[in-house]
>>> print(open('query-v4.pdb').read())   # PDB, C-alpha atoms
MODEL        1
ATOM      1  CA  MET A   1      21.304  24.846  23.772
ATOM      2  CA  GLU A   2      17.817  24.999  22.236
ATOM      3  CA  ARG A   3      19.182  23.419  19.038
ATOM      4  CA  ALA A   4      20.157  20.244  20.895
ATOM      5  CA  THR A   5      16.565  19.636  22.036
ATOM      6  CA  GLN A   6      15.005  20.049  18.582
ATOM      7  CA  ILE A   7      14.311  16.963  16.504
ATOM      8  CA  GLU A   8      15.837  16.984  13.041
ATOM      9  CA  PRO A   9      13.289  16.848  10.175
ATOM     10  CA  ASP A  10      14.365  13.341   9.066
ATOM     11  CA  GLU A  11      14.125  12.081  12.634
ATOM     12  CA  GLN A  12      10.668  13.655  12.944
ATOM     13  CA  ARG A  13       9.469  11.894   9.779
ATOM     14  CA  VAL A  14      10.768   8.556  11.087
ATOM     15  CA  ALA A  15       9.008   9.261  14.391
ATOM     16  CA  ASP A  16       5.831  10.051  12.433
ATOM     17  CA  MET A  17       6.124   6.761  10.523
ATOM     18  CA  LEU A  18       6.536   4.837  13.764
ATOM     19  CA  ALA A  19       3.540   6.692  15.240
ATOM     20  CA  ILE A  20       1.457   5.610  12.255
ATOM     21  CA  ALA A  21       2.644   2.017  12.608
ATOM     22  CA  GLU A  22       2.154   1.780  16.356
ATOM     23  CA  GLN A  23      -0.753   4.147  17.083
ATOM     24  CA  ARG A  24      -2.404   4.787  13.671
ATOM     25  CA  ASP A  25      -1.644   8.476  14.275
ATOM     26  CA  GLN A  26      -3.549  10.486  11.653
ATOM     27  CA  ALA A  27      -1.746  13.736  12.476
ATOM     28  CA  ALA A  28       1.552  11.999  11.702
ATOM     29  CA  LEU A  29       0.104  10.837   8.371
ATOM     30  CA  VAL A  30      -0.884  14.437   7.563
ATOM     31  CA  ARG A  31       2.694  15.587   8.210
ATOM     32  CA  LEU A  32       4.101  12.827   5.992
ATOM     33  CA  PHE A  33       1.475  13.641   3.368
ATOM     34  CA  ASP A  34       2.512  17.309   3.331
ATOM     35  CA  HIS A  35       6.151  16.334   2.969
ATOM     36  CA  TYR A  36       5.994  13.407   0.527
ATOM     37  CA  VAL A  37       3.082  14.080  -1.844
ATOM     38  CA  PRO A  38       4.850  16.946  -3.688
ATOM     39  CA  LYS A  39       8.014  14.835  -3.906
ATOM     40  CA  VAL A  40       6.187  11.751  -5.204
ATOM     41  CA  ARG A  41       4.337  13.894  -7.753
ATOM     42  CA  ALA A  42       7.654  15.391  -8.900
ATOM     43  CA  PHE A  43       9.135  11.881  -9.145
ATOM     44  CA  CYS A  44       6.237  10.793 -11.401
ATOM     45  CA  LEU A  45       6.291  13.946 -13.492
ATOM     46  CA  ALA A  46      10.037  13.653 -14.038
ATOM     47  CA  ALA A  47       9.435  10.280 -15.679
ATOM     48  CA  GLN A  48       6.335  11.397 -17.597
ATOM     49  CA  PRO A  49       6.035  15.176 -17.919
ATOM     50  CA  GLY A  50       2.454  16.382 -18.161
ATOM     51  CA  ALA A  51       0.927  13.265 -16.609
ATOM     52  CA  ASN A  52      -0.677  15.188 -13.740
ATOM     53  CA  LEU A  53      -3.589  12.795 -13.246
ATOM     54  CA  MET A  54      -1.229   9.843 -13.077
ATOM     55  CA  ALA A  55       0.994  11.687 -10.602
ATOM     56  CA  ASP A  56      -2.015  12.477  -8.391
ATOM     57  CA  ASP A  57      -3.258   8.882  -8.459
ATOM     58  CA  ILE A  58       0.172   7.491  -7.646
ATOM     59  CA  ALA A  59       0.750   9.991  -4.832
ATOM     60  CA  GLN A  60      -2.608   9.004  -3.326
ATOM     61  CA  GLU A  61      -1.770   5.315  -3.680
ATOM     62  CA  VAL A  62       1.614   5.831  -2.003
ATOM     63  CA  MET A  63      -0.037   7.531   0.963
ATOM     64  CA  ILE A  64      -2.528   4.672   1.254
ATOM     65  CA  ARG A  65       0.356   2.209   1.180
ATOM     66  CA  ILE A  66       2.218   4.207   3.830
ATOM     67  CA  TRP A  67      -0.856   4.015   6.060
ATOM     68  CA  ASN A  68      -1.389   0.304   5.415
ATOM     69  CA  LYS A  69       2.253  -0.792   5.469
ATOM     70  CA  ALA A  70       3.774   1.504   8.089
ATOM     71  CA  HIS A  71       4.290  -1.487  10.361
ATOM     72  CA  THR A  72       6.676  -3.025   7.788
ATOM     73  CA  TYR A  73       9.062  -0.071   7.816
ATOM     74  CA  LYS A  74      12.336  -0.866   9.604
ATOM     75  CA  PRO A  75      14.524   2.211  10.212
ATOM     76  CA  GLU A  76      17.602   0.018  10.609
ATOM     77  CA  SER A  77      17.154  -1.458   7.118
ATOM     78  CA  ALA A  78      16.633   1.651   4.988
ATOM     79  CA  SER A  79      16.103   5.360   5.234
ATOM     80  CA  LEU A  80      12.499   6.520   5.188
ATOM     81  CA  ASN A  81      13.069   8.307   1.866
ATOM     82  CA  THR A  82      14.328   5.079   0.289
ATOM     83  CA  TRP A  83      11.358   3.144   1.643
ATOM     84  CA  VAL A  84       8.786   5.724   0.484
ATOM     85  CA  PHE A  85      10.300   6.056  -2.991
ATOM     86  CA  THR A  86      10.403   2.281  -3.334
ATOM     87  CA  LEU A  87       6.657   2.370  -2.644
ATOM     88  CA  ALA A  88       6.331   5.164  -5.214
ATOM     89  CA  ARG A  89       8.308   3.258  -7.846
ATOM     90  CA  ASN A  90       6.220   0.126  -7.293
ATOM     91  CA  ALA A  91       2.968   2.116  -7.336
ATOM     92  CA  ARG A  92       4.023   3.746 -10.616
ATOM     93  CA  ILE A  93       4.821   0.355 -12.170
ATOM     94  CA  ASP A  94       1.464  -1.022 -10.976
ATOM     95  CA  TYR A  95      -0.327   2.035 -12.347
ATOM     96  CA  LEU A  96       1.349   1.778 -15.755
ATOM     97  CA  ARG A  97       0.631  -1.947 -16.020
ATOM     98  CA  LYS A  98      -2.979  -1.492 -15.012
ATOM     99  CA  ASN A  99      -3.626   1.446 -17.295
ATOM    100  CA  SER A 100      -1.814   0.182 -20.357
ATOM    101  CA  ARG A 101      -5.050  -1.430 -21.546
ATOM    102  CA  HIS A 102      -6.409  -0.168 -24.783
ATOM    103  CA  GLN A 103     -10.034   0.695 -25.289
ATOM    104  CA  SER A 104     -11.835  -1.842 -27.429
ATOM    105  CA  ASP A 105     -15.033  -1.918 -29.427
ATOM    106  CA  ILE A 106     -15.668  -5.490 -28.290
ATOM    107  CA  ASP A 107     -18.965  -5.833 -26.471
ATOM    108  CA  PRO A 108     -18.217  -7.739 -23.251
ATOM    109  CA  GLU A 109     -21.673  -9.366 -23.374
ATOM    110  CA  TYR A 110     -20.603 -11.313 -26.467
ATOM    111  CA  LEU A 111     -17.010 -11.936 -25.494
ATOM    112  CA  TRP A 112     -17.496 -15.679 -25.017
ATOM    113  CA  GLN A 113     -19.831 -16.273 -27.953
ATOM    114  CA  ASN A 114     -18.740 -17.278 -31.437
ATOM    115  CA  VAL A 115     -15.266 -18.294 -30.334
ATOM    116  CA  VAL A 116     -14.076 -21.452 -32.021
ATOM    117  CA  ASP A 117     -11.145 -23.206 -30.448
ATOM    118  CA  GLU A 118      -9.280 -25.340 -32.958
ATOM    119  CA  ASN A 119      -7.632 -27.295 -30.154
ATOM    120  CA  ALA A 120     -10.829 -27.964 -28.239
ATOM    121  CA  ASP A 121     -10.318 -29.517 -24.848
ATOM    122  CA  PRO A 122     -13.603 -30.614 -23.284
ATOM    123  CA  PHE A 123     -12.261 -30.308 -19.743
ATOM    124  CA  LYS A 124     -10.901 -26.843 -20.401
ATOM    125  CA  ASP A 125     -14.171 -25.861 -22.077
ATOM    126  CA  ALA A 126     -16.170 -27.082 -19.095
ATOM    127  CA  GLN A 127     -13.931 -25.193 -16.685
ATOM    128  CA  GLN A 128     -14.163 -22.035 -18.760
ATOM    129  CA  LYS A 129     -17.968 -22.299 -18.942
ATOM    130  CA  ARG A 130     -18.166 -22.869 -15.180
ATOM    131  CA  ASP A 131     -15.864 -19.881 -14.526
ATOM    132  CA  GLN A 132     -17.922 -17.698 -16.844
ATOM    133  CA  GLU A 133     -21.144 -18.682 -15.072
ATOM    134  CA  ARG A 134     -19.643 -18.046 -11.626
ATOM    135  CA  ILE A 135     -18.321 -14.630 -12.636
ATOM    136  CA  GLN A 136     -21.684 -13.685 -14.154
ATOM    137  CA  GLN A 137     -23.506 -14.876 -11.024
ATOM    138  CA  GLY A 138     -21.066 -12.878  -8.887
ATOM    139  CA  LEU A 139     -21.597  -9.769 -11.017
ATOM    140  CA  ASP A 140     -25.374 -10.213 -10.737
ATOM    141  CA  LYS A 141     -25.077 -10.187  -6.916
ATOM    142  CA  LEU A 142     -23.134  -6.903  -6.822
ATOM    143  CA  PRO A 143     -24.979  -3.656  -6.063
ATOM    144  CA  ALA A 144     -25.652  -1.551  -9.165
ATOM    145  CA  ASP A 145     -23.211   1.208  -8.157
ATOM    146  CA  GLN A 146     -20.325  -1.263  -7.799
ATOM    147  CA  LYS A 147     -21.231  -3.063 -11.032
ATOM    148  CA  GLN A 148     -21.303   0.296 -12.849
ATOM    149  CA  VAL A 149     -17.842   1.270 -11.595
ATOM    150  CA  LEU A 150     -16.366  -2.144 -12.524
ATOM    151  CA  ALA A 151     -17.813  -1.802 -16.024
ATOM    152  CA  LYS A 152     -16.251   1.658 -16.446
ATOM    153  CA  VAL A 153     -12.819   0.619 -15.189
ATOM    154  CA  TYR A 154     -12.422  -2.957 -16.438
ATOM    155  CA  LEU A 155     -14.695  -3.251 -19.443
ATOM    156  CA  GLU A 156     -14.453   0.265 -20.868
ATOM    157  CA  GLY A 157     -10.794   0.688 -19.907
ATOM    158  CA  LYS A 158     -11.327   3.965 -18.054
ATOM    159  CA  THR A 159      -8.914   5.172 -15.409
ATOM    160  CA  HIS A 160     -10.295   5.704 -11.929
ATOM    161  CA  LYS A 161     -10.096   9.448 -12.544
ATOM    162  CA  GLU A 162     -12.033   9.212 -15.820
ATOM    163  CA  ALA A 163     -14.705   7.047 -14.179
ATOM    164  CA  ALA A 164     -14.970   9.556 -11.318
ATOM    165  CA  GLU A 165     -15.460  12.414 -13.771
ATOM    166  CA  GLU A 166     -18.040  10.541 -15.868
ATOM    167  CA  LEU A 167     -20.029   9.430 -12.829
ATOM    168  CA  SER A 168     -19.584  12.750 -10.980
ATOM    169  CA  LEU A 169     -18.186  10.961  -7.930
ATOM    170  CA  PRO A 170     -15.075  11.586  -5.830
ATOM    171  CA  LEU A 171     -12.000   9.607  -6.887
ATOM    172  CA  GLY A 172     -11.805   7.950  -3.471
ATOM    173  CA  THR A 173     -15.383   6.689  -3.856
ATOM    174  CA  ILE A 174     -14.541   5.118  -7.205
ATOM    175  CA  LYS A 175     -11.458   3.407  -5.785
ATOM    176  CA  SER A 176     -13.397   2.164  -2.749
ATOM    177  CA  ARG A 177     -16.207   0.775  -4.895
ATOM    178  CA  VAL A 178     -13.761  -1.001  -7.208
ATOM    179  CA  ARG A 179     -11.871  -2.502  -4.280
ATOM    180  CA  LEU A 180     -15.085  -3.576  -2.514
ATOM    181  CA  ALA A 181     -16.631  -5.000  -5.703
ATOM    182  CA  LEU A 182     -13.504  -7.022  -6.529
ATOM    183  CA  HIS A 183     -13.394  -8.350  -2.977
ATOM    184  CA  LYS A 184     -17.059  -9.396  -3.132
ATOM    185  CA  LEU A 185     -16.633 -10.866  -6.598
ATOM    186  CA  THR A 186     -13.688 -12.949  -5.388
ATOM    187  CA  ILE A 187     -15.814 -14.321  -2.560
ATOM    188  CA  TYR A 188     -18.774 -15.046  -4.847
ATOM    189  CA  VAL A 189     -16.633 -16.780  -7.457
ATOM    190  CA  LYS A 190     -14.808 -18.990  -4.922
ATOM    191  CA  ARG A 191     -18.085 -20.427  -3.575
TER     192      ARG A 191
ENDMDL
END
>>> encode(input="query-v4.pdb", output="structure tokens")
Amino acid sequence: MERATQIEPDEQRVADMLAIAEQRDQAALVRLFDHYVPKVRAFCLAAQPGANLMADDIAQEVMIRIWNKAHTYKPESASLNTWVFTLARNARIDYLRKNSRHQSDIDPEYLWQNVVDENADPFKDAQQKRDQERIQQGLDKLPADQKQVLAKVYLEGKTHKEAAEELSLPLGTIKSRVRLALHKLTIYVKR
């Protein structure tokens, strides 16, 4: 009789997802975290054995996406496992695309100088110069800590984890600063 009143684990996870979506229930997120993070890490490591840092970053990103997108989950459309692993697959693709940059010896300060375009287009040149000025003005308005993190990640080609280690900051702080700086930069550039 007691068995009939217990909620099955899959049903509990769906209930947790709905609690996150409807009530922003942090305890439910902790339960999903405990269940899914090891599975997402295993999923990543199966595709790339030894890539522990990547697996950690992707697992963290999946949990952030679960928190932010819980309201989009529809139990009638797909199982929770399918939905979560679709998030994991997409996060892994995003991670690989983002981190496939190669480190370069090019100094970003001189990136726009000494470039000769054989098919010069004065309108395109003017637009490019205006964009360059706006981006530089936007970068100049950013706080030093955000500018430093952007330089590490986008100009030096560092991963968030590498930037965190070099700057002796938590990984979450690095990700927050990058996200905030890009948001501010977008606003500055659009003005």
>>> resolve_selection(input="query-v4.pdb", expression="the PyMOL selection byres ((chain A and resi 30) around 12)", output="ChimeraX atom specification")
/A:13,16-17,19-20,24-29,31-37,63-64,66-67
>>> resolve_selection(input="query-v4.pdb", expression="the PyMOL selection byres ((chain A and resi 91) around 10)", output="compact mmCIF listing (two decimals) with C-alpha atoms, keeping the file's coordinate frame")
# COMPACT_ATOMS: atom_id res chain seq x y z
CA ASP A 57 -3.26 8.88 -8.46
CA ILE A 58 0.17 7.49 -7.65
CA ALA A 59 0.75 9.99 -4.83
CA GLN A 60 -2.61 9.00 -3.33
CA GLU A 61 -1.77 5.32 -3.68
CA VAL A 62 1.61 5.83 -2.00
CA ARG A 65 0.36 2.21 1.18
CA PHE A 85 10.30 6.06 -2.99
CA THR A 86 10.40 2.28 -3.33
CA LEU A 87 6.66 2.37 -2.64
CA ALA A 88 6.33 5.16 -5.21
CA ARG A 89 8.31 3.26 -7.85
CA ASN A 90 6.22 0.13 -7.29
CA ARG A 92 4.02 3.75 -10.62
CA ILE A 93 4.82 0.36 -12.17
CA ASP A 94 1.46 -1.02 -10.98
CA TYR A 95 -0.33 2.04 -12.35
CA LEU A 96 1.35 1.78 -15.76
CA ARG A 97 0.63 -1.95 -16.02
>>> resolve_selection(input="query-v4.pdb", expression="the PyMOL selection byres ((chain A and resi 187) around 12)", output="short mmCIF file (atom, residue, chain, number, x, y, z; two decimals) with C-alpha atoms, in the coordinates of the input")
data_model
loop_
_atom_site.label_atom_id
_atom_site.label_comp_id
_atom_site.auth_asym_id
_atom_site.auth_seq_id
_atom_site.Cartn_x
_atom_site.Cartn_y
_atom_site.Cartn_z
CA ARG A 134 -19.64 -18.05 -11.63
CA ILE A 135 -18.32 -14.63 -12.64
CA GLN A 137 -23.51 -14.88 -11.02
CA GLY A 138 -21.07 -12.88 -8.89
CA LEU A 139 -21.60 -9.77 -11.02
CA LYS A 141 -25.08 -10.19 -6.92
CA LEU A 142 -23.13 -6.90 -6.82
CA LEU A 180 -15.08 -3.58 -2.51
CA ALA A 181 -16.63 -5.00 -5.70
CA LEU A 182 -13.50 -7.02 -6.53
CA HIS A 183 -13.39 -8.35 -2.98
CA LYS A 184 -17.06 -9.40 -3.13
CA LEU A 185 -16.63 -10.87 -6.60
CA THR A 186 -13.69 -12.95 -5.39
CA TYR A 188 -18.77 -15.05 -4.85
CA VAL A 189 -16.63 -16.78 -7.46
CA LYS A 190 -14.81 -18.99 -4.92
CA ARG A 191 -18.08 -20.43 -3.58
#
>>> residues_around(input="query-v4.pdb", residues="Asp145 (chain A)", least_positions_apart="4", cutoff="9 Å", atoms="all atoms listed in the file", output="list in words")
Val149, Leu150 and Arg177 of chain A
>>> closest_residue(input="query-v4.pdb", among="A:Asp56, A:Gly157, A:Val84, A:Ala46", to="Leu171 (chain A)", atoms="all atoms listed in the file")
A:Asp56
>>> atom_distance(input="query-v4.pdb", atom1="CA of Pro122 (chain A)", atom2="CA of Tyr154 (chain A)")
28.5 Å
>>> residues_around(input="query-v4.pdb", residues="His71 (chain A)", least_positions_apart="2", cutoff="7 Å", atoms="all atoms listed in the file", output="ChimeraX atom specification")
/A:21,69,73
>>> closest_residue(input="query-v4.pdb", among="A:Asp140, A:Glu133, A:Lys98, A:Thr72", to="Thr159 (chain A)", atoms="all atoms listed in the file")
A:Lys98
>>> closest_residue(input="query-v4.pdb", among="A:Pro143, A:Lys129, A:Ser176, A:Ala70", to="Glu22 (chain A)", atoms="all atoms listed in the file")
A:Ala70
>>> closest_residue(input="query-v4.pdb", among="A:Ala47, A:Leu80, A:Glu156, A:Asp131", to="Glu11 (chain A)", atoms="only C-alpha atoms")
A:Leu80
>>> closest_residue(input="query-v4.pdb", among="A:Pro49, A:Leu169, A:Pro75, A:Thr82", to="Leu18 (chain A)", atoms="only C-alpha atoms")
A:Pro75
>>> axis_aligned_box(input="query-v4.pdb", around="region 175-190 of chain A", padding_each_side="8 Å", output="JSON")
{"center_x": -15.1, "center_y": -7.8, "center_z": -5.0, "size_x": 23.3, "size_y": 38.4, "size_z": 20.9}
